[in-house]
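Participant: Okay, handing you the structure first.
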Amino acid sequence: MSSSTVITNIATLVTNDPALGDGSPLGLIQDAAVVVEGDRVVWAGESGQAPATDHRVDAAGRAVLPGFVDSHSHLVFAGDRTQEFNARMSGRSYTAGGIRTTVAATRAATDAELEANLTHYLTEALRQGTTTFETKSGYGLTVEDEARALRIAARHTDEVTYLGAHIVSPDHADDPAAYVALVTGEMLDACAPHARWIDVFCEKGAFDGDQARAILTAGKAKGLHPRVHANQLSYGPGVQLAVELDAASADHCTHLTDADVDALASGRTVATLLPGAEFSTRAEWPDARRLLDAGVTVALSTDCNPGSSFTSSVPFCIALAVRDMRMTPDEAVWSATAGGAAALRRTDIGRLTPGAYADLAFLDAPSHVHLAYRPGVPLVREVWRRGVRVA
């Protein structure tokens, strides 16, 4: 039988269950304790009411919150795009290939090199409190390279996304229809066994609404559930398509019409906002306030990738969301934990309630608000994943 551990002397506990705490969405409990048995939370409440356990851990007056759920990343890649970023931030023109640059480097890398790169960034993210992550293919764009990316990713997470439809492969630049046929045919057959999700970049210069619908519909027929890169660079059909197909999330959501917001508010699709991308490209910020006020469920994630958002830090994204996307600190923390879980259609992560996985982040601060109040400071002191201290 597994032993039980009580973590006590928690200054502020974020449970994300209003019924457990102060009635707010974060379900805050002051002077709190949480009991872990095996890989699950079995109790949370005020310290004075904690049940007897086999072991005791003193949180020393720190805040404790659920481990971050990063529901959008691109971590199976090789190379970097330092020169591209430097040119963009320096106001110089730069004509290298963008995503195609990463595609070339990724194709040339060995499996061992790709996996070493992936684990490097996962370890980096874990130290900053991320205990669940989704990651995508999309830098191979051949049957073999997409399938191997997903095989590598699946060794490290259950939340694996097939993104053969990232851009039209350079090999099919003169025949996009042939590439769509590949993505929905032979490539999908090779990739579906290794993935849970299917994604498409629905944007001018990538895939239009009809192409995106065909790709996502083919994925659904293979048992993959849709996600959509939607409305990042311009107004377009991505958000409406995501809601129509009951996608788990529409990601980016920078350029939205009133109809787009209404569609998100009326459906189950989560709006996943990725402020690292706007920071790294000096683009227009998504209007989180508009979405939240309309009743849309919002997630916050890193979009960690070598081109447009090379950060693995959810705390950094929380600070950006509060400063530049008009979210409150409470909303940003909820979106980076329970919101990310909703974007993955999960109820066993992103909260510290009985039955949920014991994924915890301890802050060197008495309140979760410090994540935005002290931007850039490494506040995550300790991380537990599934009941075990891992960082």
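By order in the structure tokens, chains are A, B, ...; within a chain, residues start at 1; ligands start at 1, following the order shown.
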Extract, using only C-alpha atoms, all DNA, RNA and protein residues at most 10 Å from Ala108 of chain A, discarding same-chain residues fewer than 6 positions from it, and format them as a PyMOL selection string.
Facilitator: chain A and resi 78-79+102+114+140+145
Participant: Quick one: write out the picked residues with C-alpha atoms as an mmCIF file, in the first residue's frame?
Facilitator:
data_model
loop_
_atom_site.group_PDB
_atom_site.id
_atom_site.type_symbol
_atom_site.label_atom_id
_atom_site.label_comp_id
_atom_site.auth_asym_id
_atom_site.auth_seq_id
_atom_site.Cartn_x
_atom_site.Cartn_y
_atom_site.Cartn_z
ATOM 1 C CA ALA A 78 16.840 20.767 -34.362
ATOM 2 C CA GLY A 79 18.822 23.979 -34.829
ATOM 3 C CA THR A 102 13.904 24.413 -38.924
ATOM 4 C CA LEU A 114 16.079 15.245 -31.565
ATOM 5 C CA GLY A 140 9.565 17.100 -40.676
ATOM 6 C CA ASP A 145 10.071 12.582 -40.413
#
Participant: Calculated over only C-alpha atoms, which of the candidates A:Ala248, A:Glu134, A:Ala321, A:Val239 has the smallest distance to Thr269 of chain A?
Facilitator: A:Ala248
Participant: Go through A:Gly209, A:Gly350, A:Gly45, A:Gly138 and flag the residue nearest Ser335 of chain A, using only C-alpha atoms for the distances.
Facilitator: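 Closest to Ser335 of chain A, using only C-alpha atoms: A:Gly350.
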Participant: Fewer than 3 positions away in the same chain doesn't count, so skip those; otherwise give me all residues within 7 Å of segment 212-218 of chain A, counting only C-alpha atoms, as a count of residues only.
Facilitator: 10
Participant: Write out as a count of residues only each polymer residue whose atoms come within 8 Å of Val322 of chain A, counting only C-alpha atoms; drop sequence neighbours fewer than 6 positions from it.
Facilitator: 4
Participant: Could you pull out the residues in segment 267-377 of chain A that DSSP calls strand (DSSP E) from the backbone, as number ranges by chain?
Facilitator: A: 270-273, 298-300, 360-363
Participant: Go ahead and dump the residues you just picked, C-alpha atoms, as a PDB file, in the first residue's frame.
Facilitator:
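Below is the file that was written, out.pdb:
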ATOM      1  CA  VAL A 270     -10.847  26.770 -25.427  1.00  0.00           C
ATOM      2  CA  ALA A 271      -9.066  29.914 -26.637  1.00  0.00           C
ATOM      3  CA  THR A 272      -5.381  29.206 -25.984  1.00  0.00           C
ATOM      4  CA  LEU A 273      -3.356  32.420 -25.876  1.00  0.00           C
ATOM      5  CA  VAL A 298      -8.979  30.819 -21.854  1.00  0.00           C
ATOM      6  CA  ALA A 299      -5.733  28.869 -21.563  1.00  0.00           C
ATOM      7  CA  LEU A 300      -2.207  30.290 -21.426  1.00  0.00           C
ATOM      8  CA  LEU A 360       2.482  20.731  -7.419  1.00  0.00           C
ATOM      9  CA  ALA A 361       4.645  23.823  -7.757  1.00  0.00           C
ATOM     10  CA  PHE A 362       6.015  25.481  -4.605  1.00  0.00           C
ATOM     11  CA  LEU A 363       6.808  29.205  -4.892  1.00  0.00           C
TER      12      LEU A 363
END
Participant: A:Gly295, A:Pro286, A:Pro18, A:Pro193: which is nearest Thr353 of chain A, counting only C-alpha atoms?
Facilitator: A:Pro18
Participant: May I ask which of the residues A:Leu274, A:Leu292, A:Leu126, A:Leu163 is the closest one to Phe201 of chain A, counting only C-alpha atoms?
Facilitator: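 The closest residue to Phe201 of chain A is A:Leu163.
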Participant: Would you return as a ChimeraX atom specification the members of segment 116-190 of chain A that DSSP assigns to alpha helix (DSSP H) on this structure's backbone?
Facilitator: /A:116-127,143-154,176-184,186-190
Participant: With N, CA, C and O atoms kept, could you save the residues just selected as a short mmCIF file (atom, residue, chain, number, x, y, z; two decimals), in the first residue's frame?
Facilitator:
data_model
loop_
_atom_site.label_atom_id
_atom_site.label_comp_id
_atom_site.auth_asym_id
_atom_site.auth_seq_id
_atom_site.Cartn_x
_atom_site.Cartn_y
_atom_site.Cartn_z
N ALA A 116 17.41 14.28 -27.47
CA ALA A 116 18.22 15.03 -26.49
C ALA A 116 17.76 16.48 -26.42
O ALA A 116 17.69 17.07 -25.32
N ASN A 117 17.44 17.07 -27.55
CA ASN A 117 16.95 18.45 -27.56
C ASN A 117 15.61 18.54 -26.84
O ASN A 117 15.37 19.44 -26.02
N LEU A 118 14.72 17.59 -27.13
CA LEU A 118 13.41 17.57 -26.47
C LEU A 118 13.55 17.47 -24.96
O LEU A 118 12.95 18.25 -24.21
N THR A 119 14.35 16.53 -24.48
CA THR A 119 14.48 16.34 -23.04
C THR A 119 15.14 17.54 -22.37
O THR A 119 14.83 17.87 -21.23
N HIS A 120 16.04 18.22 -23.09
CA HIS A 120 16.65 19.43 -22.55
C HIS A 120 15.59 20.47 -22.22
O HIS A 120 15.58 21.06 -21.12
N TYR A 121 14.68 20.72 -23.16
CA TYR A 121 13.67 21.75 -22.94
C TYR A 121 12.59 21.29 -21.98
O TYR A 121 12.03 22.11 -21.24
N LEU A 122 12.33 20.00 -21.93
CA LEU A 122 11.38 19.50 -20.93
C LEU A 122 11.93 19.68 -19.52
O LEU A 122 11.20 20.06 -18.59
N THR A 123 13.21 19.41 -19.33
CA THR A 123 13.83 19.61 -18.02
C THR A 123 13.81 21.09 -17.64
O THR A 123 13.53 21.45 -16.49
N GLU A 124 14.09 21.94 -18.60
CA GLU A 124 14.05 23.39 -18.38
C GLU A 124 12.65 23.82 -17.95
O GLU A 124 12.50 24.62 -17.01
N ALA A 125 11.63 23.31 -18.63
CA ALA A 125 10.25 23.67 -18.29
C ALA A 125 9.86 23.12 -16.93
O ALA A 125 9.17 23.80 -16.14
N LEU A 126 10.28 21.90 -16.62
CA LEU A 126 9.94 21.29 -15.34
C LEU A 126 10.48 22.13 -14.19
O LEU A 126 9.79 22.34 -13.18
N ARG A 127 11.69 22.62 -14.30
CA ARG A 127 12.27 23.45 -13.24
C ARG A 127 11.46 24.71 -13.01
O ARG A 127 11.52 25.32 -11.93
N VAL A 143 6.54 11.82 -44.60
CA VAL A 143 5.92 10.73 -43.85
C VAL A 143 6.88 10.21 -42.78
O VAL A 143 6.51 10.08 -41.59
N GLU A 144 8.11 9.94 -43.17
CA GLU A 144 9.07 9.38 -42.22
C GLU A 144 9.41 10.36 -41.10
O GLU A 144 9.45 9.97 -39.91
N ASP A 145 9.63 11.63 -41.43
CA ASP A 145 10.07 12.58 -40.41
C ASP A 145 8.95 12.98 -39.46
O ASP A 145 9.20 13.20 -38.26
N GLU A 146 7.73 13.07 -39.95
CA GLU A 146 6.61 13.35 -39.06
C GLU A 146 6.36 12.19 -38.10
O GLU A 146 6.16 12.38 -36.90
N ALA A 147 6.40 10.98 -38.63
CA ALA A 147 6.16 9.81 -37.78
C ALA A 147 7.24 9.65 -36.72
O ALA A 147 6.95 9.34 -35.56
N ARG A 148 8.50 9.89 -37.06
CA ARG A 148 9.55 9.73 -36.06
C ARG A 148 9.46 10.82 -35.00
O ARG A 148 9.71 10.57 -33.82
N ALA A 149 9.06 12.03 -35.38
CA ALA A 149 8.88 13.10 -34.38
C ALA A 149 7.83 12.70 -33.36
O ALA A 149 8.00 12.91 -32.14
N LEU A 150 6.74 12.12 -33.82
CA LEU A 150 5.68 11.72 -32.91
C LEU A 150 6.09 10.53 -32.06
O LEU A 150 5.74 10.47 -30.87
N ARG A 151 6.83 9.60 -32.62
CA ARG A 151 7.33 8.48 -31.82
C ARG A 151 8.23 8.98 -30.69
O ARG A 151 8.14 8.51 -29.55
N ILE A 152 9.10 9.93 -31.00
CA ILE A 152 9.99 10.49 -29.98
C ILE A 152 9.19 11.22 -28.92
O ILE A 152 9.40 11.04 -27.72
N ALA A 153 8.25 12.05 -29.34
CA ALA A 153 7.43 12.81 -28.38
C ALA A 153 6.63 11.89 -27.48
O ALA A 153 6.50 12.13 -26.27
N ALA A 154 6.08 10.82 -28.05
CA ALA A 154 5.21 9.92 -27.29
C ALA A 154 5.95 9.19 -26.18
O ALA A 154 5.31 8.65 -25.27
N PRO A 176 0.24 22.38 -53.70
CA PRO A 176 -0.31 22.25 -52.34
C PRO A 176 -1.37 21.16 -52.22
O PRO A 176 -1.46 20.51 -51.18
N ALA A 177 -2.16 20.96 -53.27
CA ALA A 177 -3.21 19.94 -53.20
C ALA A 177 -2.61 18.55 -53.01
O ALA A 177 -3.16 17.72 -52.27
N ALA A 178 -1.48 18.30 -53.64
CA ALA A 178 -0.82 17.01 -53.46
C ALA A 178 -0.32 16.85 -52.04
O ALA A 178 -0.35 15.74 -51.48
N TYR A 179 0.12 17.95 -51.43
CA TYR A 179 0.58 17.85 -50.04
C TYR A 179 -0.60 17.59 -49.10
O TYR A 179 -0.49 16.79 -48.17
N VAL A 180 -1.72 18.27 -49.32
CA VAL A 180 -2.90 18.00 -48.51
C VAL A 180 -3.30 16.53 -48.63
O VAL A 180 -3.65 15.88 -47.63
N ALA A 181 -3.23 15.99 -49.83
CA ALA A 181 -3.55 14.58 -50.03
C ALA A 181 -2.59 13.68 -49.25
O ALA A 181 -3.00 12.65 -48.68
N LEU A 182 -1.31 14.06 -49.20
CA LEU A 182 -0.33 13.30 -48.42
C LEU A 182 -0.65 13.38 -46.92
O LEU A 182 -0.63 12.36 -46.21
N VAL A 183 -0.92 14.58 -46.45
CA VAL A 183 -1.21 14.80 -45.02
C VAL A 183 -2.44 14.03 -44.58
O VAL A 183 -2.50 13.52 -43.45
N THR A 184 -3.43 13.92 -45.45
CA THR A 184 -4.67 13.23 -45.10
C THR A 184 -4.65 11.76 -45.47
O THR A 184 -5.61 11.04 -45.17
N GLU A 186 -1.27 8.96 -46.66
CA GLU A 186 -0.17 8.13 -46.19
C GLU A 186 0.46 8.68 -44.90
O GLU A 186 0.80 7.92 -43.99
N MET A 187 0.64 10.00 -44.82
CA MET A 187 1.26 10.58 -43.63
C MET A 187 0.37 10.37 -42.41
O MET A 187 0.85 10.02 -41.32
N LEU A 188 -0.92 10.60 -42.56
CA LEU A 188 -1.86 10.39 -41.46
C LEU A 188 -1.85 8.94 -41.00
O LEU A 188 -1.83 8.66 -39.80
N ASP A 189 -1.83 8.01 -41.94
CA ASP A 189 -1.80 6.59 -41.58
C ASP A 189 -0.58 6.25 -40.74
O ASP A 189 -0.65 5.47 -39.79
N ALA A 190 0.57 6.86 -41.09
CA ALA A 190 1.81 6.58 -40.37
C ALA A 190 1.84 7.26 -39.01
O ALA A 190 2.47 6.74 -38.06
#
Participant: What is the distance, in Å and to one decimal place, between atom CA of Glu244 of chain A and atom CA of Ala342 of chain A?
Facilitator: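 Those two atoms sit 17.6 Å apart.
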Participant: Can you tell me, as JSON, numbers by chain, what residues are no more than 8 Å from Gly61 of chain A when counting only C-alpha atoms, ignoring any on the same chain fewer than 3 positions away?
Facilitator: {"A": [9, 10, 11, 365, 366]}
Participant: For Leu352 of chain A, which of A:Gly48, A:Gly339, A:Pro25, A:Pro66 is the closest residue, counting only C-alpha atoms?
Facilitator: A:Pro66
Participant: Which residue out of A:Ala356, A:Ala206, A:Val314, A:Leu344 has the minimum interatomic distance to Arg40 of chain A when only C-alpha atoms are used?
Facilitator: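 Using only C-alpha atoms, Arg40 of chain A sits closest to A:Ala356.
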Participant: Within 7 Å of segment 30-39 of chain A, counting only C-alpha atoms, which residues qualify if same-chain residues fewer than 3 places away don't, as a CSV table (one decimal) with N, CA and C atoms, in the first residue's frame?
Facilitator:
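Now in selection20.csv:
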chain,number,residue,atom,x,y,z
A,2,SER,N,0.4,2.3,-0.7
A,2,SER,CA,1.2,3.5,-0.8
A,2,SER,C,1.1,4.3,0.5
A,3,SER,N,2.1,5.0,0.9
A,3,SER,CA,2.1,5.8,2.1
A,3,SER,C,1.5,7.2,1.8
A,4,SER,N,1.1,7.9,2.8
A,4,SER,CA,0.4,9.2,2.7
A,4,SER,C,1.4,10.3,3.2
A,5,THR,N,1.3,11.5,2.6
A,5,THR,CA,2.1,12.6,3.0
A,5,THR,C,1.3,13.8,3.1
A,6,VAL,N,1.4,14.6,4.2
A,6,VAL,CA,0.7,15.9,4.3
A,6,VAL,C,1.7,17.0,4.1
A,7,ILE,N,1.4,17.9,3.2
A,7,ILE,CA,2.2,19.1,3.0
A,7,ILE,C,1.5,20.2,3.7
A,8,THR,N,2.1,20.7,4.8
A,8,THR,CA,1.5,21.7,5.6
A,8,THR,C,2.2,23.0,5.6
A,9,ASN,N,1.7,24.0,6.4
A,9,ASN,CA,2.3,25.3,6.5
A,9,ASN,C,2.4,26.0,5.1
A,10,ILE,N,1.3,25.8,4.3
A,10,ILE,CA,1.2,26.4,3.0
A,10,ILE,C,0.5,27.8,3.2
A,11,ALA,N,1.2,28.9,2.8
A,11,ALA,CA,0.6,30.2,3.0
A,11,ALA,C,-0.7,30.4,2.2
A,12,THR,N,-0.6,30.0,0.9
A,12,THR,CA,-1.8,30.1,0.0
A,12,THR,C,-1.8,28.9,-0.9
A,13,LEU,N,-2.9,28.1,-0.8
A,13,LEU,CA,-3.0,27.0,-1.7
A,13,LEU,C,-4.0,27.3,-2.8
A,42,VAL,N,-5.5,13.4,-2.1
A,42,VAL,CA,-6.6,12.8,-1.5
A,42,VAL,C,-7.4,13.7,-0.5
A,43,TRP,N,-6.7,14.9,-0.2
A,43,TRP,CA,-7.4,15.8,0.7
A,43,TRP,C,-6.7,17.2,0.5
A,44,ALA,N,-7.5,18.3,0.7
A,44,ALA,CA,-7.0,19.6,0.7
A,44,ALA,C,-7.9,20.5,1.6
A,45,GLY,N,-7.3,21.3,2.4
A,45,GLY,CA,-8.1,22.2,3.3
A,45,GLY,C,-7.2,23.0,4.2
A,46,GLU,N,-7.7,23.4,5.3
A,46,GLU,CA,-7.0,24.2,6.3
A,46,GLU,C,-6.1,23.3,7.1
A,47,SER,N,-4.9,23.8,7.4
A,47,SER,CA,-3.9,23.0,8.1
A,47,SER,C,-4.4,22.4,9.4
A,50,ALA,N,-6.2,19.0,8.9
A,50,ALA,CA,-5.6,17.9,8.1
A,50,ALA,C,-5.6,16.6,8.8
A,357,TYR,N,-4.2,14.3,-10.1
A,357,TYR,CA,-2.7,14.0,-9.9
A,357,TYR,C,-2.1,15.0,-9.0
A,358,ALA,N,-1.1,14.4,-8.2
A,358,ALA,CA,-0.4,15.3,-7.2
A,358,ALA,C,0.7,16.0,-8.0
A,386,ARG,N,3.1,13.8,-10.0
A,386,ARG,CA,2.5,12.5,-9.6
A,386,ARG,C,3.0,12.0,-8.3
A,387,GLY,N,3.0,13.0,-7.3
A,387,GLY,CA,3.4,12.6,-6.0
A,387,GLY,C,4.8,12.5,-5.6
Participant: Identify, on the basis of only C-alpha atoms, every residue whose closest approach to Ala105 of chain A does not exceed 12 Å; exclude the query and any residue fewer than 5 positions from it along the same chain; express the result as a list in words.
Facilitator: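 The filter keeps Val76, Phe77, Ala78, Gly79, Asp80, Arg81, Gly97, Gly98, Ile99, Arg100, Thr110, Glu113, Leu114, Tyr139, Gly140, Asp145 and Pro306 of chain A.
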Participant: What is the atom CA of Pro315 of chain A to atom CA of Met89 of chain A distance in Å?
Facilitator: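 Pair atom CA of Pro315 of chain A / atom CA of Met89 of chain A returns 22.6 Å.
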